[in-house]
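Chemist: For reference, this is target-v4.txt, and it has compact mmCIF, C-alpha atoms.
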# COMPACT_ATOMS: atom_id res chain seq x y z
CA MET A 15 -25.29 6.09 -71.38
CA THR A 16 -24.26 8.37 -68.54
CA GLN A 17 -21.26 7.24 -66.53
CA ALA A 18 -21.86 7.21 -62.77
CA VAL A 19 -19.90 9.80 -60.82
CA THR A 20 -17.82 8.16 -58.13
CA GLU A 21 -16.98 9.90 -54.88
CA THR A 22 -13.37 10.98 -54.59
CA ARG A 23 -11.79 9.32 -51.59
CA ASP A 24 -8.29 9.22 -50.15
CA LEU A 25 -6.65 8.04 -46.94
CA PHE A 26 -8.07 11.02 -45.06
CA SER A 27 -11.65 10.11 -45.88
CA LYS A 28 -11.93 7.94 -42.80
CA PHE A 29 -11.66 11.11 -40.70
CA ASP A 30 -14.46 13.04 -42.45
CA ALA A 31 -17.02 12.46 -39.69
CA LEU A 32 -14.60 13.73 -37.03
CA ILE A 33 -13.68 16.76 -39.13
CA ALA A 34 -17.36 17.61 -39.61
CA GLU A 35 -18.04 17.21 -35.87
CA ARG A 36 -15.17 19.54 -34.99
CA GLU A 37 -16.22 22.16 -37.56
CA ALA A 38 -19.81 22.10 -36.28
CA LEU A 39 -18.57 22.57 -32.71
CA LEU A 40 -16.33 25.52 -33.62
CA ALA A 41 -19.18 27.07 -35.62
CA THR A 42 -21.06 27.56 -32.34
CA GLY A 43 -18.40 30.08 -31.35
CA VAL A 44 -16.46 28.07 -28.78
CA ARG A 45 -12.69 28.16 -28.71
CA ASP A 46 -10.80 25.10 -29.86
CA PRO A 47 -9.92 23.18 -26.66
CA PHE A 48 -6.99 21.53 -28.42
CA ALA A 49 -5.36 24.70 -29.77
CA ILE A 50 -4.47 26.49 -26.55
CA VAL A 51 -1.08 28.22 -26.53
CA MET A 52 0.54 29.28 -23.27
CA ASP A 53 2.20 32.59 -24.03
CA GLU A 54 4.11 32.59 -20.75
CA VAL A 55 4.47 30.10 -17.90
CA LYS A 56 5.18 31.90 -14.64
CA SER A 57 5.22 28.96 -12.22
CA PRO A 58 3.95 25.40 -11.89
CA THR A 59 0.47 26.81 -11.18
CA GLN A 60 0.27 30.01 -13.26
CA ALA A 61 0.49 30.91 -16.95
CA VAL A 62 -0.59 33.60 -19.38
CA ILE A 63 -3.07 32.46 -22.05
CA LYS A 64 -4.32 35.01 -24.62
CA GLY A 65 -2.90 37.78 -22.42
CA LYS A 66 -4.82 36.63 -19.31
CA ASP A 67 -3.31 35.38 -16.06
CA THR A 68 -4.55 31.81 -15.68
CA ILE A 69 -4.39 29.21 -12.92
CA LEU A 70 -3.13 25.89 -14.27
CA LEU A 71 -5.21 22.90 -13.21
CA GLY A 72 -4.51 20.57 -16.12
CA THR A 73 -0.78 19.98 -16.37
CA TYR A 74 0.07 16.74 -14.43
CA ASN A 75 2.79 18.80 -12.74
CA TYR A 76 1.85 17.03 -9.51
CA MET A 77 4.88 17.90 -7.41
CA GLY A 78 5.60 21.29 -8.99
CA MET A 79 9.19 20.44 -9.93
CA THR A 80 9.32 22.31 -13.25
CA PHE A 81 10.55 25.53 -11.65
CA ASP A 82 12.54 24.03 -8.77
CA PRO A 83 15.79 26.08 -8.66
CA ASP A 84 18.07 23.04 -8.25
CA VAL A 85 16.36 21.23 -11.13
CA VAL A 86 16.62 24.23 -13.44
CA ALA A 87 20.27 24.84 -12.49
CA ALA A 88 21.17 21.21 -13.24
CA GLY A 89 19.62 21.50 -16.70
CA LYS A 90 21.47 24.73 -17.48
CA LYS A 91 24.81 23.25 -16.39
CA ALA A 92 24.33 20.11 -18.50
CA LEU A 93 23.40 22.26 -21.49
CA ASP A 94 26.67 24.17 -21.12
CA ASP A 95 28.78 21.06 -20.43
CA PHE A 96 27.32 18.57 -22.92
CA GLY A 97 25.46 20.61 -25.55
CA ALA A 98 21.90 20.57 -26.79
CA GLY A 99 21.45 16.93 -27.81
CA THR A 100 22.98 13.52 -28.29
CA THR A 101 22.15 12.90 -31.98
CA GLY A 102 22.22 9.16 -31.36
CA SER A 103 20.51 6.21 -29.74
CA ARG A 104 21.53 4.77 -26.38
CA VAL A 105 23.17 1.72 -27.93
CA LEU A 106 25.32 3.76 -30.33
CA ASN A 107 26.61 7.20 -29.32
CA GLY A 108 23.71 8.36 -27.19
CA THR A 109 24.68 7.32 -23.68
CA TYR A 110 26.24 10.22 -21.80
CA GLN A 111 27.21 10.46 -18.16
CA GLY A 112 23.81 11.97 -17.42
CA HIS A 113 21.94 8.93 -18.71
CA ALA A 114 23.88 6.67 -16.38
CA ASP A 115 23.27 9.11 -13.53
CA VAL A 116 19.50 9.31 -14.01
CA GLU A 117 19.31 5.52 -14.08
CA ALA A 118 21.32 5.46 -10.85
CA ALA A 119 18.87 7.99 -9.35
CA LEU A 120 15.95 5.76 -10.34
CA LYS A 121 17.58 2.72 -8.70
CA GLU A 122 18.07 4.76 -5.53
CA PHE A 123 14.48 6.02 -5.60
CA TYR A 124 12.88 2.63 -6.23
CA GLY A 125 15.40 0.43 -4.43
CA THR A 126 15.82 -1.79 -7.49
CA SER A 127 18.81 -3.44 -9.13
CA SER A 128 18.01 -2.21 -12.65
CA ALA A 129 16.64 0.89 -14.34
CA MET A 130 16.25 1.67 -18.03
CA VAL A 131 15.39 5.11 -19.40
CA PHE A 132 13.38 5.76 -22.55
CA SER A 133 12.81 8.98 -24.49
CA THR A 134 9.13 9.19 -23.42
CA GLY A 135 6.77 7.42 -21.05
CA TYR A 136 4.78 6.24 -24.06
CA GLN A 137 7.89 4.53 -25.41
CA ALA A 138 8.58 2.91 -22.06
CA ASN A 139 5.28 1.03 -22.24
CA LEU A 140 5.59 0.47 -25.97
CA GLY A 141 9.09 -0.95 -25.56
CA MET A 142 8.69 -3.05 -22.44
CA ILE A 143 5.39 -4.68 -23.36
CA SER A 144 6.34 -5.41 -26.98
CA ALA A 145 9.71 -6.89 -25.99
CA LEU A 146 8.35 -8.99 -23.12
CA ALA A 147 5.21 -10.37 -24.78
CA GLY A 148 5.40 -11.53 -28.37
CA LYS A 149 3.48 -13.75 -30.74
CA GLY A 150 1.88 -16.64 -28.86
CA ASP A 151 2.06 -14.82 -25.51
CA TYR A 152 -0.79 -13.05 -23.75
CA VAL A 153 -1.06 -9.54 -22.36
CA VAL A 154 -3.87 -9.34 -19.80
CA LEU A 155 -4.89 -5.75 -19.20
CA ASP A 156 -7.54 -3.51 -17.73
CA ALA A 157 -10.09 -2.43 -20.36
CA ASP A 158 -9.38 1.22 -19.46
CA SER A 159 -5.62 0.92 -20.00
CA HIS A 160 -3.66 3.78 -21.55
CA ALA A 161 -3.15 3.84 -25.33
CA SER A 162 0.59 3.19 -24.91
CA ILE A 163 -0.21 -0.13 -23.21
CA TYR A 164 -2.48 -1.23 -26.02
CA ASP A 165 0.07 -0.12 -28.62
CA GLY A 166 2.77 -2.14 -26.87
CA CYS A 167 0.56 -5.22 -27.35
CA PHE A 168 0.12 -4.48 -31.05
CA LEU A 169 3.84 -3.92 -31.64
CA GLY A 170 4.74 -7.18 -29.92
CA ASP A 171 1.92 -9.07 -31.67
CA ALA A 172 0.76 -10.58 -28.38
CA ASP A 173 -2.82 -11.72 -27.83
CA ILE A 174 -4.79 -9.14 -25.86
CA VAL A 175 -7.12 -10.23 -23.06
CA ARG A 176 -9.11 -7.42 -21.45
CA PHE A 177 -10.81 -7.55 -18.07
CA ARG A 178 -13.45 -5.16 -16.71
CA HIS A 179 -12.00 -2.03 -15.19
CA ASN A 180 -10.62 -2.68 -11.70
CA SER A 181 -12.51 -6.00 -11.45
CA VAL A 182 -10.47 -8.55 -9.50
CA GLU A 183 -13.10 -11.22 -10.19
CA ASP A 184 -12.99 -10.69 -13.95
CA LEU A 185 -9.16 -10.64 -13.96
CA ASP A 186 -9.13 -13.99 -12.15
CA LYS A 187 -11.73 -15.44 -14.53
CA ARG A 188 -9.90 -14.31 -17.68
CA LEU A 189 -6.59 -15.73 -16.48
CA GLY A 190 -8.31 -19.00 -15.65
CA ARG A 191 -9.45 -19.39 -19.24
CA LEU A 192 -5.95 -19.13 -20.69
CA PRO A 193 -3.68 -22.16 -21.26
CA ALA A 194 -1.75 -22.86 -18.06
CA ASP A 195 1.53 -23.27 -19.96
CA ALA A 196 1.17 -19.99 -21.90
CA LEU A 197 3.33 -17.03 -20.91
CA LYS A 198 1.33 -14.06 -19.64
CA LEU A 199 2.11 -10.45 -18.82
CA VAL A 200 -0.49 -8.76 -16.60
CA VAL A 201 -0.43 -4.97 -16.97
CA LEU A 202 -2.02 -2.78 -14.30
CA GLU A 203 -2.00 0.95 -13.59
CA GLY A 204 -1.67 2.43 -10.13
CA VAL A 205 -3.78 5.49 -10.97
CA TYR A 206 -6.03 5.63 -14.03
CA SER A 207 -5.60 9.00 -15.67
CA MET A 208 -9.13 9.81 -16.81
CA LEU A 209 -11.14 9.38 -13.60
CA GLY A 210 -8.25 9.44 -11.12
CA ASP A 211 -9.28 6.15 -9.54
CA VAL A 212 -6.78 3.74 -7.97
CA ALA A 213 -6.35 0.02 -8.66
CA PRO A 214 -6.89 -2.53 -5.83
CA LEU A 215 -3.40 -3.92 -6.35
CA PRO A 216 -3.16 -6.37 -3.38
CA ASP A 217 -6.30 -8.23 -4.48
CA MET A 218 -5.22 -8.14 -8.10
CA VAL A 219 -1.74 -9.44 -7.34
CA ALA A 220 -3.25 -12.24 -5.25
CA ALA A 221 -5.53 -13.18 -8.16
CA VAL A 222 -2.63 -13.21 -10.62
CA ARG A 223 -0.43 -15.37 -8.39
CA LYS A 224 -3.07 -18.13 -8.42
CA HIS A 225 -2.16 -18.75 -12.07
CA ALA A 226 1.01 -20.14 -13.64
CA ASN A 227 3.53 -18.36 -15.85
CA CYS A 228 2.41 -14.80 -15.07
CA MET A 229 4.51 -11.67 -14.64
CA ILE A 230 3.16 -8.32 -13.43
CA LEU A 231 3.93 -4.84 -14.77
CA VAL A 232 2.50 -1.79 -13.01
CA ASP A 233 2.37 1.60 -14.70
CA GLU A 234 2.93 4.26 -12.02
CA ALA A 235 2.94 7.29 -14.34
CA HIS A 236 0.32 9.06 -12.21
CA GLY A 237 1.32 7.54 -8.86
CA MET A 238 5.02 8.32 -8.70
CA GLY A 239 5.96 11.17 -6.42
CA PHE A 240 3.11 11.27 -3.92
CA PHE A 241 1.87 7.73 -3.18
CA GLY A 242 3.71 5.69 -0.57
CA PRO A 243 6.21 6.60 2.16
CA ASN A 244 8.95 7.10 -0.45
CA GLY A 245 6.72 8.38 -3.24
CA ARG A 246 7.23 5.29 -5.38
CA GLY A 247 3.57 4.88 -6.25
CA VAL A 248 0.38 3.03 -5.46
CA TYR A 249 2.16 -0.32 -5.45
CA GLU A 250 4.32 0.92 -2.56
CA GLU A 251 1.37 2.51 -0.76
CA GLN A 252 -0.56 -0.76 -0.97
CA GLY A 253 2.39 -2.95 0.06
CA VAL A 254 2.92 -5.11 -3.03
CA GLU A 255 6.48 -4.06 -3.95
CA ALA A 256 7.84 -7.59 -3.56
CA ASP A 257 5.15 -9.02 -5.87
CA VAL A 258 5.58 -6.70 -8.87
CA ASP A 259 8.08 -7.65 -11.58
CA PHE A 260 8.28 -4.35 -13.47
CA VAL A 261 7.35 -0.75 -12.74
CA VAL A 262 7.00 1.67 -15.65
CA GLY A 263 6.86 5.41 -15.17
CA THR A 264 7.39 8.78 -16.75
CA PHE A 265 9.36 11.95 -16.13
CA SER A 266 6.58 14.13 -17.57
CA LYS A 267 4.36 14.10 -14.49
CA SER A 268 5.79 14.41 -10.95
CA VAL A 269 9.43 14.60 -12.12
CA GLY A 270 8.60 17.68 -14.17
CA THR A 271 10.48 17.08 -17.42
CA VAL A 272 10.15 14.46 -20.19
CA GLY A 273 11.16 10.82 -20.58
CA GLY A 274 10.12 7.37 -19.44
CA PHE A 275 11.59 4.44 -17.57
CA CYS A 276 11.23 0.91 -16.31
CA VAL A 277 12.72 -0.43 -13.07
CA SER A 278 13.00 -4.05 -12.00
CA ASN A 279 14.83 -6.52 -9.79
CA HIS A 280 14.73 -9.30 -12.35
CA PRO A 281 18.24 -10.80 -12.77
CA LYS A 282 17.95 -10.90 -16.57
CA PHE A 283 16.56 -7.39 -16.98
CA GLU A 284 19.60 -5.86 -18.68
CA VAL A 285 18.98 -7.96 -21.81
CA MET A 286 16.11 -5.56 -22.53
CA ARG A 287 18.66 -3.07 -23.85
CA LEU A 288 19.43 -5.53 -26.68
CA VAL A 289 15.89 -6.52 -27.65
CA CYS A 290 13.66 -3.48 -27.02
CA ARG A 291 13.10 -1.72 -30.35
CA PRO A 292 11.74 1.63 -29.04
CA TYR A 293 14.90 1.85 -26.91
CA ILE A 294 17.36 0.72 -29.58
CA PHE A 295 16.07 2.78 -32.49
CA THR A 296 15.26 6.12 -30.79
CA ALA A 297 17.58 9.04 -30.14
CA SER A 298 18.38 9.38 -26.46
CA LEU A 299 17.19 12.22 -24.26
CA PRO A 300 19.18 15.49 -24.33
CA PRO A 301 21.76 15.94 -21.55
CA SER A 302 19.81 18.84 -20.02
CA VAL A 303 16.69 16.67 -19.71
CA VAL A 304 18.35 13.75 -17.94
CA ALA A 305 20.19 16.15 -15.62
CA THR A 306 16.93 17.81 -14.57
CA ALA A 307 15.29 14.40 -14.14
CA ALA A 308 18.07 13.02 -11.94
CA THR A 309 18.03 16.10 -9.71
CA SER A 310 14.24 16.06 -9.44
CA ILE A 311 14.06 12.33 -8.63
CA ARG A 312 16.58 12.69 -5.80
CA LYS A 313 14.64 15.62 -4.36
CA LEU A 314 11.38 13.66 -4.55
CA MET A 315 12.92 11.12 -2.18
CA HIS A 316 12.58 13.77 0.55
CA ALA A 317 9.32 15.45 -0.45
CA GLY A 318 7.06 14.40 2.41
CA GLU A 319 5.74 17.92 3.02
CA LYS A 320 4.93 18.36 -0.65
CA ARG A 321 3.06 15.06 -0.70
CA ALA A 322 1.05 16.05 2.37
CA HIS A 323 0.07 19.41 0.85
CA LEU A 324 -0.94 17.79 -2.44
CA TRP A 325 -3.26 15.40 -0.60
CA LYS A 326 -4.70 18.36 1.31
CA ASN A 327 -5.40 20.11 -2.00
CA SER A 328 -7.04 17.02 -3.48
CA LYS A 329 -9.36 16.51 -0.52
CA ARG A 330 -10.37 20.18 -0.40
CA LEU A 331 -11.13 20.44 -4.12
CA HIS A 332 -13.02 17.15 -4.16
CA LYS A 333 -15.21 18.29 -1.25
CA GLY A 334 -15.73 21.74 -2.72
CA LEU A 335 -16.88 20.44 -6.10
CA THR A 336 -19.06 17.78 -4.50
CA ASP A 337 -20.73 20.37 -2.29
CA LEU A 338 -21.48 22.47 -5.39
CA GLY A 339 -23.35 19.54 -6.91
CA PHE A 340 -20.91 18.38 -9.58
CA LYS A 341 -20.73 14.69 -10.46
CA LEU A 342 -17.15 13.51 -9.96
CA GLY A 343 -15.28 10.48 -11.25
CA THR A 344 -14.75 9.05 -7.75
CA ASP A 345 -16.86 9.23 -4.59
CA THR A 346 -13.80 10.05 -2.51
CA PRO A 347 -10.50 11.74 -3.42
CA GLN A 348 -8.22 8.91 -4.55
CA SER A 349 -5.39 10.78 -6.29
CA ALA A 350 -4.34 14.21 -7.55
CA ILE A 351 -6.74 13.80 -10.49
CA ILE A 352 -10.34 14.92 -10.05
CA ALA A 353 -12.67 14.33 -12.99
CA VAL A 354 -15.83 16.42 -13.36
CA ILE A 355 -18.37 14.43 -15.39
CA LEU A 356 -20.61 16.42 -17.76
CA THR A 357 -23.74 15.35 -19.62
CA ASP A 358 -22.52 15.78 -23.21
CA GLN A 359 -19.86 17.32 -25.41
CA MET A 360 -21.53 20.73 -25.68
CA GLN A 361 -21.85 21.09 -21.91
CA ALA A 362 -18.25 19.97 -21.44
CA VAL A 363 -16.95 22.48 -23.99
CA SER A 364 -19.12 25.27 -22.59
CA MET A 365 -17.85 24.61 -19.06
CA TRP A 366 -14.27 24.40 -20.27
CA GLN A 367 -14.56 27.73 -22.09
CA ALA A 368 -16.33 29.43 -19.19
CA LEU A 369 -13.56 28.35 -16.82
CA LEU A 370 -10.87 29.54 -19.24
CA GLU A 371 -12.51 32.96 -19.51
CA LEU A 372 -12.57 33.13 -15.71
CA GLY A 373 -8.82 32.37 -15.64
CA LEU A 374 -8.69 28.61 -15.03
CA TYR A 375 -7.20 26.02 -17.39
CA VAL A 376 -8.36 22.40 -17.14
CA ASN A 377 -8.30 19.48 -19.60
CA MET A 378 -11.40 18.56 -21.58
CA ALA A 379 -11.56 14.86 -22.42
CA ARG A 380 -13.92 12.85 -24.60
CA PRO A 381 -14.10 9.39 -26.20
CA PRO A 382 -11.98 7.52 -27.18
CA ALA A 383 -9.72 8.85 -24.41
CA THR A 384 -12.55 8.41 -21.93
CA PRO A 385 -14.86 5.45 -21.35
CA ALA A 386 -17.62 5.21 -23.98
CA GLY A 387 -19.99 8.16 -24.05
CA MET A 388 -18.29 10.06 -21.22
CA PHE A 389 -17.32 13.73 -21.44
CA LEU A 390 -15.38 15.27 -18.60
CA LEU A 391 -13.14 18.02 -17.35
CA ARG A 392 -9.99 16.64 -15.78
CA CYS A 393 -8.37 18.58 -12.95
CA SER A 394 -4.75 17.81 -12.07
CA LEU A 395 -3.72 19.29 -8.75
CA CYS A 396 -0.20 20.39 -7.89
CA ALA A 397 1.68 20.47 -4.60
CA GLU A 398 2.39 24.15 -5.36
CA HIS A 399 -1.27 25.17 -5.51
CA SER A 400 -1.80 27.39 -2.48
CA ASP A 401 -4.83 27.15 -0.19
CA GLU A 402 -5.99 30.46 -1.67
CA GLN A 403 -5.72 29.15 -5.23
CA VAL A 404 -7.79 26.06 -4.38
CA GLU A 405 -10.52 28.30 -2.97
CA GLN A 406 -10.36 30.45 -6.12
CA ILE A 407 -10.72 27.30 -8.24
CA ILE A 408 -13.83 26.23 -6.36
CA GLY A 409 -15.31 29.70 -6.84
CA MET A 410 -14.59 29.58 -10.57
CA PHE A 411 -16.31 26.21 -10.90
CA ALA A 412 -19.31 27.59 -9.05
CA ALA A 413 -19.58 30.57 -11.41
CA ALA A 414 -18.99 28.54 -14.59
CA GLY A 415 -21.35 25.78 -13.49
CA LYS A 416 -24.22 28.19 -12.87
CA ALA A 417 -23.56 30.13 -16.09
CA THR A 418 -23.66 26.98 -18.23
CA GLY A 419 -26.39 25.12 -16.37
CA ALA A 420 -24.05 22.34 -15.26
CA ILE A 421 -25.21 22.93 -11.68
CA GLY A 422 -28.31 24.60 -10.27
As structure tokens - that is how I would like this structure written.
Modeler:
Amino acid sequence: MTQAVTETRDLFSKFDALIAEREALLATGVRDPFAIVMDEVKSPTQAVIKGKDTILLGTYNYMGMTFDPDVVAAGKKALDDFGAGTTGSRVLNGTYQGHADVEAALKEFYGTSSAMVFSTGYQANLGMISALAGKGDYVVLDADSHASIYDGCFLGDADIVRFRHNSVEDLDKRLGRLPADALKLVVLEGVYSMLGDVAPLPDMVAAVRKHANCMILVDEAHGMGFFGPNGRGVYEEQGVEADVDFVVGTFSKSVGTVGGFCVSNHPKFEVMRLVCRPYIFTASLPPSVVATAATSIRKLMHAGEKRAHLWKNSKRLHKGLTDLGFKLGTDTPQSAIIAVILTDQMQAVSMWQALLELGLYVNMARPPATPAGMFLLRCSLCAEHSDEQVEQIIGMFAAAGKATGAIG
């Protein structure tokens, strides 16, 4: 009797289909979109990739603060004064003068009584959501929420209730089905990072306030810096500051460095430092990072001209790509993110590579990062993109689109 041969499997076997898909794609001769190395970064809008000068249009460096002279000088001084790292968590030996200062800068910027800094923006959502909403509580969130929001739910073991993307009616309906006495955290995003669309926060807040025992957290990762009179985000622009309990953000977008934070006016907020696991059990940010962040945040308080130029760039690029015949993620420019929707993965990769060869770097995104079945190129504009660069970008899209058949 012949013994049946069993297939050898291990914990990586679940990824075999993805590995095969990637290998088949690379076999067509395209470059790996996820293996790009920037050999040199010359400015917030220019880099050298594979020896070629390249315009950067996929960095989230919205306000162009990465090369600001005051920001860079602050980081160098902190590196000299405090060394390379903290080697400890905030609650042990990891709170330096700079950590207190960046939290003070955040309180100045947002006009709040409390601010708490995390090592990344991902950890800010992970920590706040998991600490606020635990077993038996509900987190009510937009179906298109960022992975860090979903992961915060899983870590806290809260029940997840999704509502249709940006649907006020569905949000209201879902809340109405939950027990009135249950505790609920409603998580919204000012700007959604894939399509660049903005949440209708006033209507959403009004819907939430119809229901008992609800608190509201707004993620302003992609709104901080250029929305609102003070650059606080969409929630400021839309006039709901007094109705939002928590604002989460990141330093890795408009601030130009790395880190995350939450600000709030809640009188009990400081207890979060004692109960938030991703804050307690993570090494704190290096002194040079918090020094650059504090300097950048204070400069963003007076960045009206930068904000105006960024909006000008967004409107011009949106119109230019629309006129060329590209399908975009929004009918009108809503943020500094402009998503170019392609028909399938091959067209998206072909367009991405054609643009890179022309000297333009954008992000290629696909499921599960995007809504089901959607492949797109995501453009992130910067306040430092010149008028001439925006015109160059439009010309590159025209050439790449015609070469790949994405436009006629």
Chemist: Distance atom CA of Leu199 of chain A-atom CA of His225 of chain A, one decimal place?
Modeler: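 About the pair atom CA of Leu199 of chain A and atom CA of His225 of chain A: they are 11.5 Å apart.
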Chemist: Got a sec to check which residues sit within 9 Å of (21.8, 1.0, -17.0), counting only C-alpha atoms, and write them as a PyMOL selection string?
Modeler: chain A and resi 113-115+117-118+128-131+284+287
Chemist: Which residue out of A:Gly422, A:Gly415, A:Pro214, A:Pro385 has the minimum interatomic distance to Ala157 of chain A when only C-alpha atoms are used?
Modeler: A:Pro385
Chemist: Find the smallest box with edges along x, y and z containing every listed atom of segment 318-325 of chain A, then add 4 Å on each side and report centre and edge lengths in Å to one decimal, as lines of an AutoDock Vina configuration file.
Modeler:
center_x = 1.9
center_y = 16.9
center_z = 0.3
size_x = 18.3
size_y = 13.0
size_z = 13.5
Chemist: Tell me, as a list in words, which residues lie within 7 Å of segment 72-86 of chain A, counting all atoms listed in the file; anything in the same chain fewer than 6 positions away does not count.
Modeler: Ser57, Pro58, Gly239, Lys267, Ser268, Val269, Gly270, Thr271, Thr306, Thr309, Ser310, Lys320, Tyr375, Val376, Asn377, Arg392, Cys393, Ser394, Leu395, Cys396, Ala397 and Glu398 of chain A
Chemist: So how many Å separate atom CA of Val261 of chain A and atom CA of Ser278 of chain A, to one decimal?
Modeler: 6.6 Å
Chemist: Take the point (-4.7, 29.3, 3.4) in the file's coordinates, draw a sphere of radius 12 Å around it, and report as a PDB file with C-alpha atoms, keeping the file's coordinate frame every protein, DNA or RNA residue with an atom inside or on it, counting only C-alpha atoms.
Modeler:
ATOM      1  CA  HIS A 323       0.070  19.410   0.850  1.00  0.00           C
ATOM      2  CA  LYS A 326      -4.700  18.360   1.310  1.00  0.00           C
ATOM      3  CA  ASN A 327      -5.400  20.110  -2.000  1.00  0.00           C
ATOM      4  CA  ARG A 330     -10.370  20.180  -0.400  1.00  0.00           C
ATOM      5  CA  HIS A 399      -1.270  25.170  -5.510  1.00  0.00           C
ATOM      6  CA  SER A 400      -1.800  27.390  -2.480  1.00  0.00           C
ATOM      7  CA  ASP A 401      -4.830  27.150  -0.190  1.00  0.00           C
ATOM      8  CA  GLU A 402      -5.990  30.460  -1.670  1.00  0.00           C
ATOM      9  CA  GLN A 403      -5.720  29.150  -5.230  1.00  0.00           C
ATOM     10  CA  VAL A 404      -7.790  26.060  -4.380  1.00  0.00           C
ATOM     11  CA  GLU A 405     -10.520  28.300  -2.970  1.00  0.00           C
ATOM     12  CA  GLN A 406     -10.360  30.450  -6.120  1.00  0.00           C
TER      13      GLN A 406
END
Chemist: Which one of A:Asn139, A:Ser103, A:Thr344, A:Ser364 sits closest to Val232 of chain A if you count all atoms listed in the file?
Modeler: A:Asn139
Chemist: Pick the closest to Leu70 of chain A from A:Arg178, A:Ala235, A:Gly373, A:Ser302: which is it, counting only C-alpha atoms?
Modeler: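 Looking at the shortest contact to Leu70 of chain A, the residue is A:Gly373.
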Chemist: Could you list, as an mmCIF file with C-alpha atoms, in the coordinates of the input, every residue within 6 Å of Gly273 of chain A, counting only C-alpha atoms and ignoring same-chain residues fewer than 2 positions away?
Modeler:
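Wrote it out as result-v9.cif, contents follow:
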data_model
loop_
_atom_site.group_PDB
_atom_site.id
_atom_site.type_symbol
_atom_site.label_atom_id
_atom_site.label_comp_id
_atom_site.auth_asym_id
_atom_site.auth_seq_id
_atom_site.Cartn_x
_atom_site.Cartn_y
_atom_site.Cartn_z
ATOM 1 C CA PHE A 132 13.380 5.760 -22.550
ATOM 2 C CA SER A 133 12.810 8.980 -24.490
ATOM 3 C CA THR A 134 9.130 9.190 -23.420
ATOM 4 C CA GLY A 135 6.770 7.420 -21.050
ATOM 5 C CA THR A 264 7.390 8.780 -16.750
ATOM 6 C CA PHE A 265 9.360 11.950 -16.130
#
Chemist: Could you state the separation of atom CA of Ile407 of chain A and atom CA of Phe241 of chain A in Å, given to one decimal place?
Modeler: 23.8 Å
Chemist: From the set A:Arg191, A:Lys224, A:Lys198, A:Lys341, which residue has the shortest atom-to-atom contact distance to Ala172 of chain A, counting all atoms listed in the file?
Modeler: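 Under the stated criterion, the closest residue is A:Lys198.
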Chemist: Check which residues of segment 209-295 of chain A sit at most 8 Å from segment 345-362 of chain A using all atoms listed in the file, and return one row each with the closest pair of atoms and their distance in Å to one decimal, ordered by chain and rising number, as JSON lines.
Modeler:
{"residue": "A:Leu209", "atom": "CA", "partner": "A:Ala353", "partner_atom": "CA", "distance": 5.2}
{"residue": "A:Gly210", "atom": "CA", "partner": "A:Ile351", "partner_atom": "CA", "distance": 4.7}
{"residue": "A:Asp211", "atom": "CA", "partner": "A:Gln348", "partner_atom": "CA", "distance": 5.8}
{"residue": "A:Val212", "atom": "CA", "partner": "A:Gln348", "partner_atom": "CA", "distance": 6.4}
{"residue": "A:Gly237", "atom": "CA", "partner": "A:Ser349", "partner_atom": "CA", "distance": 7.9}
Chemist: Go ahead and dump the residues you just picked, C-alpha atoms, as a PDB file, in the frame of the given file.
Modeler:
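That gives us selection-v3.pdb:
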ATOM      1  CA  LEU A 209     -11.140   9.380 -13.600  1.00  0.00           C
ATOM      2  CA  GLY A 210      -8.250   9.440 -11.120  1.00  0.00           C
ATOM      3  CA  ASP A 211      -9.280   6.150  -9.540  1.00  0.00           C
ATOM      4  CA  VAL A 212      -6.780   3.740  -7.970  1.00  0.00           C
ATOM      5  CA  GLY A 237       1.320   7.540  -8.860  1.00  0.00           C
TER       6      GLY A 237
END
Chemist: Save segment 91-98 of chain A of the structure in the block above to a file, with N, CA and C atoms included, as a PDB file, in the first residue's frame.
Modeler:
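The resulting part29.pdb:
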ATOM      1  N   LYS A  91      21.081  70.345  17.567  1.00  0.00           N
ATOM      2  CA  LYS A  91      21.428  70.793  18.909  1.00  0.00           C
ATOM      3  C   LYS A  91      21.017  69.751  19.954  1.00  0.00           C
ATOM      4  N   ALA A  92      19.821  69.196  19.805  1.00  0.00           N
ATOM      5  CA  ALA A  92      19.358  68.187  20.761  1.00  0.00           C
ATOM      6  C   ALA A  92      20.217  66.934  20.695  1.00  0.00           C
ATOM      7  N   LEU A  93      20.687  66.585  19.515  1.00  0.00           N
ATOM      8  CA  LEU A  93      21.565  65.430  19.360  1.00  0.00           C
ATOM      9  C   LEU A  93      22.877  65.649  20.113  1.00  0.00           C
ATOM     10  N   ASP A  94      23.406  66.858  20.019  1.00  0.00           N
ATOM     11  CA  ASP A  94      24.638  67.194  20.753  1.00  0.00           C
ATOM     12  C   ASP A  94      24.406  67.253  22.262  1.00  0.00           C
ATOM     13  N   ASP A  95      23.263  67.835  22.664  1.00  0.00           N
ATOM     14  CA  ASP A  95      23.010  68.073  24.092  1.00  0.00           C
ATOM     15  C   ASP A  95      22.526  66.840  24.848  1.00  0.00           C
ATOM     16  N   PHE A  96      21.731  65.983  24.170  1.00  0.00           N
ATOM     17  CA  PHE A  96      21.084  64.874  24.879  1.00  0.00           C
ATOM     18  C   PHE A  96      21.441  63.489  24.353  1.00  0.00           C
ATOM     19  N   GLY A  97      22.227  63.423  23.260  1.00  0.00           N
ATOM     20  CA  GLY A  97      22.616  62.126  22.732  1.00  0.00           C
ATOM     21  C   GLY A  97      21.627  61.575  21.730  1.00  0.00           C
ATOM     22  N   ALA A  98      21.899  60.332  21.294  1.00  0.00           N
ATOM     23  CA  ALA A  98      21.168  59.744  20.179  1.00  0.00           C
ATOM     24  C   ALA A  98      19.814  59.169  20.554  1.00  0.00           C
TER      25      ALA A  98
END
